2 protein chains.
Amino acid sequence: MATIGIAAKRAGCSVETIRYYERIGLVSAPPRARNGRRSYGEDEVRQIKFIRRCRNLGFSLKEVATLVSLSTTGGEACARVKSIAAAQVRSVREKMADLARVEEWLAQMIAQCDAPRHEGCPMIDTLFAAETQITA
Amino acid sequence: MATIGIAAKRAGCSVETIRYYERIGLVSAPPRARNGRRSYGEDEVRQIKFIRRCRNLGFSLKEVATLVSLSTTGGEACARVKSIAAAQVRSVREKMADLARVEEWLAQMIAQCDAPRHEGCPMIDTLFAAETQITA
DNA sequence: ATGCATCCCGTAGCAGGTACGGGTTCAAGG
DNA sequence: CCTTGAACCCGTACCTGCTACGGGATGCAT
């Protein structure tokens, strides 16, 4: 039986984060020790780790809540899990594409800085230029 | 002289966003028409566009504020602008690397779903497994 | 004159936590 | 035995970057 501090360390998050998850009902309140402190068993810690992994994979708390509930109801849950994950892959790919465009933009502007002669700051000038379009 | 609605359309943001920028002091309050409405000239609109472009490039409002102030003080500002942009490129690259890892993870888990025979949901199982480490 | 859009203002809400302040409680060292 | 400091308790405020809401005034077109 672990204290919240130990549980946090094992789940790779902060104590406050666990208390926050409890407050919003994402994890159920653990039993308390006689002194009133939260007492986490292996299962509770695993649950929190699960949540943290999902968060690290970019799922929203709402999606995580769905995944958590699906994780306890076996059966045809797998198909739904798969579709949620597939949507997440699409979202991740979109974000990467956006970032790639942003990176190219930044790189181009920085390259202008290194160009031979110019007045003022080429980067600022570009950002101010009327025709500049950034679609990220 | 444009109304806030026109200015928003031209800058590619919402009316509320402009009022928000004004409220936090990122843009200065524009002159008002006799009826009390905000009146934006070309310069103000350019300024807002500048801010939106920076935001689209992933700069925080704080960084944008710095860039805005650097944009008005010429001189040695360019070097600072460049270093801010370079930091941003690094941050963007990190984010992309993180997302690439996440994508691979998700893809692997989805692939498990399509594997021949398994009990329960392989993805949920993987997320619950004790040894699973996701470093994103 | 009557809608309906657009503006005004202030305030509250969203996600996903983080930080703070004031109050127990526990384990270790002097 | 006493004290010090860490770790816990709780509730609430704060953070970023907006977005939404509510109620009222204005402007434009029919």
# chains A, B, ... in the order shown; residues from 1 in each chain; ligands from 1
call {"tool": "calpha_fit_and_write", "arguments": {"fixed": "chain B", "moving": "chain A", "output": "CSV table (one decimal) with C-alpha atoms, in the first residue's frame"}}
result
chain,number,residue,atom,x,y,z
A,1,MET,CA,-10.8,52.4,-41.0
A,2,ALA,CA,-12.1,49.0,-40.2
A,3,THR,CA,-14.4,47.8,-37.5
A,4,ILE,CA,-13.2,45.0,-35.2
A,5,GLY,CA,-15.1,42.5,-37.1
A,6,ILE,CA,-13.4,43.4,-40.4
A,7,ALA,CA,-10.0,43.6,-38.7
A,8,ALA,CA,-10.6,40.1,-37.3
A,9,LYS,CA,-11.5,38.7,-40.7
A,10,ARG,CA,-8.5,40.3,-42.2
A,11,ALA,CA,-6.2,39.0,-39.4
A,12,GLY,CA,-7.7,35.6,-39.5
A,13,CYS,CA,-8.8,35.5,-35.9
A,14,SER,CA,-11.9,36.1,-33.9
A,15,VAL,CA,-13.2,39.4,-32.6
A,16,GLU,CA,-12.8,38.2,-29.0
A,17,THR,CA,-9.2,37.4,-29.7
A,18,ILE,CA,-8.4,40.9,-30.7
A,19,ARG,CA,-10.2,42.3,-27.7
A,20,TYR,CA,-8.3,39.8,-25.6
A,21,TYR,CA,-5.0,41.0,-27.0
A,22,GLU,CA,-6.0,44.6,-26.2
A,23,ARG,CA,-7.0,43.6,-22.7
A,24,ILE,CA,-3.6,42.0,-22.0
A,25,GLY,CA,-1.8,44.9,-23.5
A,26,LEU,CA,-0.3,43.0,-26.5
A,27,VAL,CA,-1.9,45.5,-28.9
A,28,SER,CA,-2.6,49.1,-27.9
A,29,ALA,CA,-6.2,50.3,-27.8
A,30,PRO,CA,-7.2,51.6,-31.2
A,31,PRO,CA,-9.0,55.0,-31.5
A,32,ARG,CA,-12.8,54.9,-31.2
A,33,ALA,CA,-15.3,56.2,-33.7
A,34,ARG,CA,-17.9,58.6,-32.4
A,35,ASN,CA,-20.2,55.8,-31.6
A,36,GLY,CA,-17.7,54.3,-29.3
A,37,ARG,CA,-16.6,51.5,-31.6
A,38,ARG,CA,-13.0,50.5,-32.2
A,39,SER,CA,-11.6,51.8,-35.4
A,40,TYR,CA,-8.6,49.9,-36.9
A,41,GLY,CA,-6.3,51.4,-39.6
A,42,GLU,CA,-3.9,49.5,-41.8
A,43,ASP,CA,-1.1,49.6,-39.3
A,44,GLU,CA,-3.2,48.1,-36.5
A,45,VAL,CA,-4.4,45.3,-38.7
A,46,ARG,CA,-0.8,44.6,-39.8
A,47,GLN,CA,0.2,44.4,-36.2
A,48,ILE,CA,-2.5,41.9,-35.4
A,49,LYS,CA,-1.6,39.9,-38.5
A,50,PHE,CA,2.0,39.9,-37.3
A,51,ILE,CA,0.9,38.5,-34.0
A,52,ARG,CA,-1.2,35.9,-35.5
A,53,ARG,CA,1.6,34.8,-37.8
A,54,CYS,CA,3.9,34.5,-34.8
A,55,ARG,CA,1.3,32.5,-32.9
A,56,ASN,CA,0.9,30.2,-35.9
A,57,LEU,CA,4.7,29.7,-35.8
A,58,GLY,CA,4.2,28.5,-32.2
A,59,PHE,CA,5.6,31.4,-30.3
A,60,SER,CA,4.0,32.0,-26.9
A,61,LEU,CA,2.3,35.3,-26.3
A,62,LYS,CA,5.2,36.3,-24.2
A,63,GLU,CA,7.6,35.6,-27.0
A,64,VAL,CA,5.3,37.4,-29.4
A,65,ALA,CA,5.3,40.5,-27.0
A,66,THR,CA,9.1,40.4,-27.3
A,67,LEU,CA,9.0,40.1,-31.0
A,68,VAL,CA,6.5,43.0,-31.3
A,69,SER,CA,8.7,45.2,-29.2
A,70,LEU,CA,11.8,44.2,-31.1
A,71,SER,CA,10.0,45.0,-34.3
A,72,THR,CA,9.6,48.6,-33.4
A,73,THR,CA,13.1,49.1,-32.1
A,74,GLY,CA,15.4,48.5,-35.0
A,75,GLY,CA,19.2,48.2,-34.6
A,76,GLU,CA,20.6,45.2,-32.9
A,77,ALA,CA,17.2,43.6,-32.5
A,78,CYS,CA,17.8,41.3,-35.5
A,79,ALA,CA,20.3,39.2,-33.6
A,80,ARG,CA,17.8,38.7,-30.7
A,81,VAL,CA,15.0,37.9,-33.2
A,82,LYS,CA,17.3,35.3,-34.8
A,83,SER,CA,18.1,33.6,-31.5
A,84,ILE,CA,14.4,33.5,-30.5
A,85,ALA,CA,13.6,31.9,-33.8
A,86,ALA,CA,16.4,29.4,-33.5
A,87,ALA,CA,15.2,28.4,-30.1
A,88,GLN,CA,11.7,28.0,-31.6
A,89,VAL,CA,13.2,25.7,-34.3
A,90,ARG,CA,14.7,23.5,-31.7
A,91,SER,CA,11.5,23.4,-29.8
A,92,VAL,CA,9.6,22.5,-32.9
A,93,ARG,CA,12.0,19.7,-33.7
A,94,GLU,CA,11.7,18.3,-30.3
A,95,LYS,CA,7.9,18.3,-30.6
A,96,MET,CA,8.1,16.5,-33.9
A,97,ALA,CA,10.4,13.9,-32.5
A,98,ASP,CA,8.0,13.4,-29.6
A,99,LEU,CA,5.1,13.0,-32.0
A,100,ALA,CA,7.0,10.6,-34.2
A,101,ARG,CA,7.6,8.4,-31.1
A,102,VAL,CA,3.9,8.6,-30.2
A,103,GLU,CA,2.9,7.8,-33.8
A,104,GLU,CA,5.1,4.7,-33.8
A,105,TRP,CA,3.7,3.6,-30.5
A,106,LEU,CA,0.1,4.0,-31.7
A,107,ALA,CA,0.8,2.3,-35.0
A,108,GLN,CA,2.3,-0.7,-33.1
A,109,MET,CA,-0.6,-1.0,-30.9
A,110,ILE,CA,-3.1,-0.8,-33.7
A,111,ALA,CA,-1.1,-3.4,-35.6
A,112,GLN,CA,-1.6,-5.7,-32.6
A,113,CYS,CA,-5.3,-5.4,-33.1
A,114,ASP,CA,-5.0,-6.8,-36.6
A,115,ALA,CA,-2.8,-9.7,-35.4
A,116,PRO,CA,-4.5,-13.1,-35.8
A,117,ARG,CA,-5.8,-14.3,-32.4
A,118,HIS,CA,-5.9,-12.7,-29.1
A,119,GLU,CA,-8.1,-12.5,-26.0
A,120,GLY,CA,-9.4,-9.1,-24.9
A,121,CYS,CA,-8.1,-5.9,-26.4
A,122,PRO,CA,-4.4,-6.0,-27.1
A,123,MET,CA,-4.1,-2.3,-27.0
A,124,ILE,CA,-5.7,-2.0,-23.6
A,125,ASP,CA,-3.6,-4.9,-22.4
A,126,THR,CA,-0.5,-3.2,-23.5
A,127,LEU,CA,-1.4,0.1,-21.9
A,128,PHE,CA,-2.0,-1.8,-18.7
A,129,ALA,CA,1.1,-3.9,-18.8
A,130,ALA,CA,3.4,-3.2,-16.0
A,131,GLU,CA,6.6,-2.9,-18.1
A,132,THR,CA,5.1,-0.5,-20.7
A,133,GLN,CA,7.2,2.6,-20.9
A,134,ILE,CA,6.2,5.5,-23.0
A,135,THR,CA,8.7,8.3,-23.3
A,136,ALA,CA,7.1,11.0,-25.2
call {"tool": "select_by_dssp", "arguments": {"residues": "segment 36-129 of chain A", "states": "helix (DSSP H, G or I)", "output": "PDB file with C-alpha atoms, in the first residue's frame"}}
result
ATOM      1  CA  GLU A  42      -1.001  -2.164  -7.117  1.00  0.00           C
ATOM      2  CA  ASP A  43      -4.204  -1.907  -9.109  1.00  0.00           C
ATOM      3  CA  GLU A  44      -4.719   1.761  -8.398  1.00  0.00           C
ATOM      4  CA  VAL A  45      -1.141   2.540  -9.352  1.00  0.00           C
ATOM      5  CA  ARG A  46      -1.512   0.558 -12.572  1.00  0.00           C
ATOM      6  CA  GLN A  47      -4.652   2.525 -13.347  1.00  0.00           C
ATOM      7  CA  ILE A  48      -2.864   5.822 -12.909  1.00  0.00           C
ATOM      8  CA  LYS A  49       0.057   4.595 -15.010  1.00  0.00           C
ATOM      9  CA  PHE A  50      -2.429   3.608 -17.704  1.00  0.00           C
ATOM     10  CA  ILE A  51      -3.861   7.090 -17.662  1.00  0.00           C
ATOM     11  CA  ARG A  52      -0.442   8.695 -17.838  1.00  0.00           C
ATOM     12  CA  ARG A  53       0.514   6.518 -20.787  1.00  0.00           C
ATOM     13  CA  CYS A  54      -2.638   7.500 -22.598  1.00  0.00           C
ATOM     14  CA  ARG A  55      -1.936  11.152 -21.869  1.00  0.00           C
ATOM     15  CA  ASN A  56       1.601  10.745 -23.167  1.00  0.00           C
ATOM     16  CA  LEU A  61      -8.769  13.333 -20.594  1.00  0.00           C
ATOM     17  CA  LYS A  62     -12.162  12.687 -22.094  1.00  0.00           C
ATOM     18  CA  GLU A  63     -10.730  10.077 -24.428  1.00  0.00           C
ATOM     19  CA  VAL A  64      -8.771   8.618 -21.557  1.00  0.00           C
ATOM     20  CA  ALA A  65     -11.986   8.317 -19.560  1.00  0.00           C
ATOM     21  CA  THR A  66     -13.481   6.367 -22.455  1.00  0.00           C
ATOM     22  CA  LEU A  67     -10.429   4.135 -22.707  1.00  0.00           C
ATOM     23  CA  VAL A  68     -10.514   3.530 -18.978  1.00  0.00           C
ATOM     24  CA  SER A  69     -14.146   2.503 -19.091  1.00  0.00           C
ATOM     25  CA  LEU A  70     -13.514   0.320 -22.136  1.00  0.00           C
ATOM     26  CA  SER A  71     -10.616  -1.283 -20.349  1.00  0.00           C
ATOM     27  CA  THR A  72     -12.939  -2.647 -17.692  1.00  0.00           C
ATOM     28  CA  ALA A  77     -14.547  -2.833 -26.647  1.00  0.00           C
ATOM     29  CA  CYS A  78     -11.488  -3.688 -28.727  1.00  0.00           C
ATOM     30  CA  ALA A  79     -12.977  -2.363 -31.938  1.00  0.00           C
ATOM     31  CA  ARG A  80     -13.818   0.951 -30.329  1.00  0.00           C
ATOM     32  CA  VAL A  81     -10.374   1.181 -28.784  1.00  0.00           C
ATOM     33  CA  LYS A  82      -8.885   0.580 -32.195  1.00  0.00           C
ATOM     34  CA  SER A  83     -10.947   3.295 -33.813  1.00  0.00           C
ATOM     35  CA  ILE A  84     -10.047   5.777 -31.100  1.00  0.00           C
ATOM     36  CA  ALA A  85      -6.384   4.947 -31.598  1.00  0.00           C
ATOM     37  CA  ALA A  86      -6.704   5.270 -35.365  1.00  0.00           C
ATOM     38  CA  ALA A  87      -8.241   8.716 -34.956  1.00  0.00           C
ATOM     39  CA  GLN A  88      -5.364   9.628 -32.702  1.00  0.00           C
ATOM     40  CA  VAL A  89      -2.858   8.502 -35.319  1.00  0.00           C
ATOM     41  CA  ARG A  90      -4.538  10.757 -37.846  1.00  0.00           C
ATOM     42  CA  SER A  91      -4.463  13.659 -35.431  1.00  0.00           C
ATOM     43  CA  VAL A  92      -0.797  13.061 -34.654  1.00  0.00           C
ATOM     44  CA  ARG A  93       0.040  12.966 -38.358  1.00  0.00           C
ATOM     45  CA  GLU A  94      -1.773  16.237 -38.907  1.00  0.00           C
ATOM     46  CA  LYS A  95       0.111  17.862 -36.083  1.00  0.00           C
ATOM     47  CA  MET A  96       3.390  16.623 -37.489  1.00  0.00           C
ATOM     48  CA  ALA A  97       2.545  17.992 -40.902  1.00  0.00           C
ATOM     49  CA  ASP A  98       1.680  21.359 -39.346  1.00  0.00           C
ATOM     50  CA  LEU A  99       4.924  21.387 -37.423  1.00  0.00           C
ATOM     51  CA  ALA A 100       6.890  20.470 -40.519  1.00  0.00           C
ATOM     52  CA  ARG A 101       5.439  23.490 -42.310  1.00  0.00           C
ATOM     53  CA  VAL A 102       6.237  25.673 -39.332  1.00  0.00           C
ATOM     54  CA  GLU A 103       9.769  24.390 -39.210  1.00  0.00           C
ATOM     55  CA  GLU A 104      10.310  25.127 -42.872  1.00  0.00           C
ATOM     56  CA  TRP A 105       8.957  28.623 -42.426  1.00  0.00           C
ATOM     57  CA  LEU A 106      11.210  29.329 -39.485  1.00  0.00           C
ATOM     58  CA  ALA A 107      14.218  27.852 -41.250  1.00  0.00           C
ATOM     59  CA  GLN A 108      13.583  30.044 -44.280  1.00  0.00           C
ATOM     60  CA  MET A 109      13.333  33.145 -42.181  1.00  0.00           C
ATOM     61  CA  ILE A 110      16.456  32.324 -40.262  1.00  0.00           C
ATOM     62  CA  ALA A 111      18.255  31.714 -43.535  1.00  0.00           C
ATOM     63  CA  GLN A 112      17.341  35.241 -44.606  1.00  0.00           C
ATOM     64  CA  CYS A 113      19.158  36.529 -41.549  1.00  0.00           C
ATOM     65  CA  ASP A 114      22.349  34.960 -42.834  1.00  0.00           C
ATOM     66  CA  PRO A 122      14.494  40.367 -42.522  1.00  0.00           C
ATOM     67  CA  MET A 123      12.516  38.105 -40.287  1.00  0.00           C
ATOM     68  CA  ILE A 124      10.471  40.889 -38.733  1.00  0.00           C
ATOM     69  CA  ASP A 125      10.010  42.380 -42.167  1.00  0.00           C
ATOM     70  CA  THR A 126       8.697  39.110 -43.522  1.00  0.00           C
ATOM     71  CA  LEU A 127       6.313  38.703 -40.639  1.00  0.00           C
ATOM     72  CA  PHE A 128       5.015  42.196 -41.259  1.00  0.00           C
TER      73      PHE A 128
END
call {"tool": "residues_around", "arguments": {"residues": "DG30 of chain C", "least_positions_apart": "3", "cutoff": "12 Å", "atoms": "only C-alpha atoms (C1' of nucleotides)", "output": "list of chain:residue names"}}
result
D:DC1, D:DC2, D:DT3, D:DT4
call {"tool": "residues_around", "arguments": {"residues": "DA12 of chain C", "least_positions_apart": "6", "cutoff": "12 Å", "atoms": "only C-alpha atoms (C1' of nucleotides)", "output": "PDB file with C-alpha atoms (C1' of nucleotides), in the first residue's frame"}}
result
ATOM      1  C1'  DT D  19     -14.160  31.256 -26.417  1.00  0.00           C
ATOM      2  C1'  DA D  20     -18.806  31.846 -24.822  1.00  0.00           C
ATOM      3  C1'  DC D  21     -22.491  34.244 -22.570  1.00  0.00           C
ATOM      4  C1'  DG D  22     -25.624  37.843 -21.264  1.00  0.00           C
TER       5       DG D  22
END
call {"tool": "atom_distance", "arguments": {"atom1": "atom C1' of DC18 of chain D", "atom2": "atom C1' of DT18 of chain C"}}
result
19.3 Å
call {"tool": "closest_atom_pairs", "arguments": {"of": "chain C", "to": "chain A", "cutoff": "10 Å", "atoms": "only C-alpha atoms (C1' of nucleotides)", "output": "JSON lines"}}
result
{"residue": "C:DA15", "atom": "C1'", "partner": "A:Leu61", "partner_atom": "CA", "distance": 8.6}
{"residue": "C:DG16", "atom": "C1'", "partner": "A:Leu61", "partner_atom": "CA", "distance": 8.2}
{"residue": "C:DG17", "atom": "C1'", "partner": "A:Thr17", "partner_atom": "CA", "distance": 6.8}
{"residue": "C:DT18", "atom": "C1'", "partner": "A:Glu16", "partner_atom": "CA", "distance": 7.8}
{"residue": "C:DA19", "atom": "C1'", "partner": "A:Glu16", "partner_atom": "CA", "distance": 9.8}
{"residue": "C:DT24", "atom": "C1'", "partner": "A:Asn35", "partner_atom": "CA", "distance": 9.4}
{"residue": "C:DT25", "atom": "C1'", "partner": "A:Asn35", "partner_atom": "CA", "distance": 7.9}
call {"tool": "write_last_selection", "arguments": {"atoms": "C-alpha atoms (C1' of nucleotides)", "output": "PDB file, in the first residue's frame"}}
result
ATOM      1  C1'  DA C  15      -8.347  21.943 -20.762  1.00  0.00           C
ATOM      2  C1'  DG C  16      -5.018  20.083 -17.879  1.00  0.00           C
ATOM      3  C1'  DG C  17      -2.972  20.800 -14.687  1.00  0.00           C
ATOM      4  C1'  DT C  18       0.263  23.806 -11.057  1.00  0.00           C
ATOM      5  C1'  DA C  19       0.872  26.588  -7.022  1.00  0.00           C
ATOM      6  C1'  DT C  24      -1.909  17.538  10.629  1.00  0.00           C
ATOM      7  C1'  DT C  25       1.210  13.861  11.112  1.00  0.00           C
TER       8       DT C  25
END
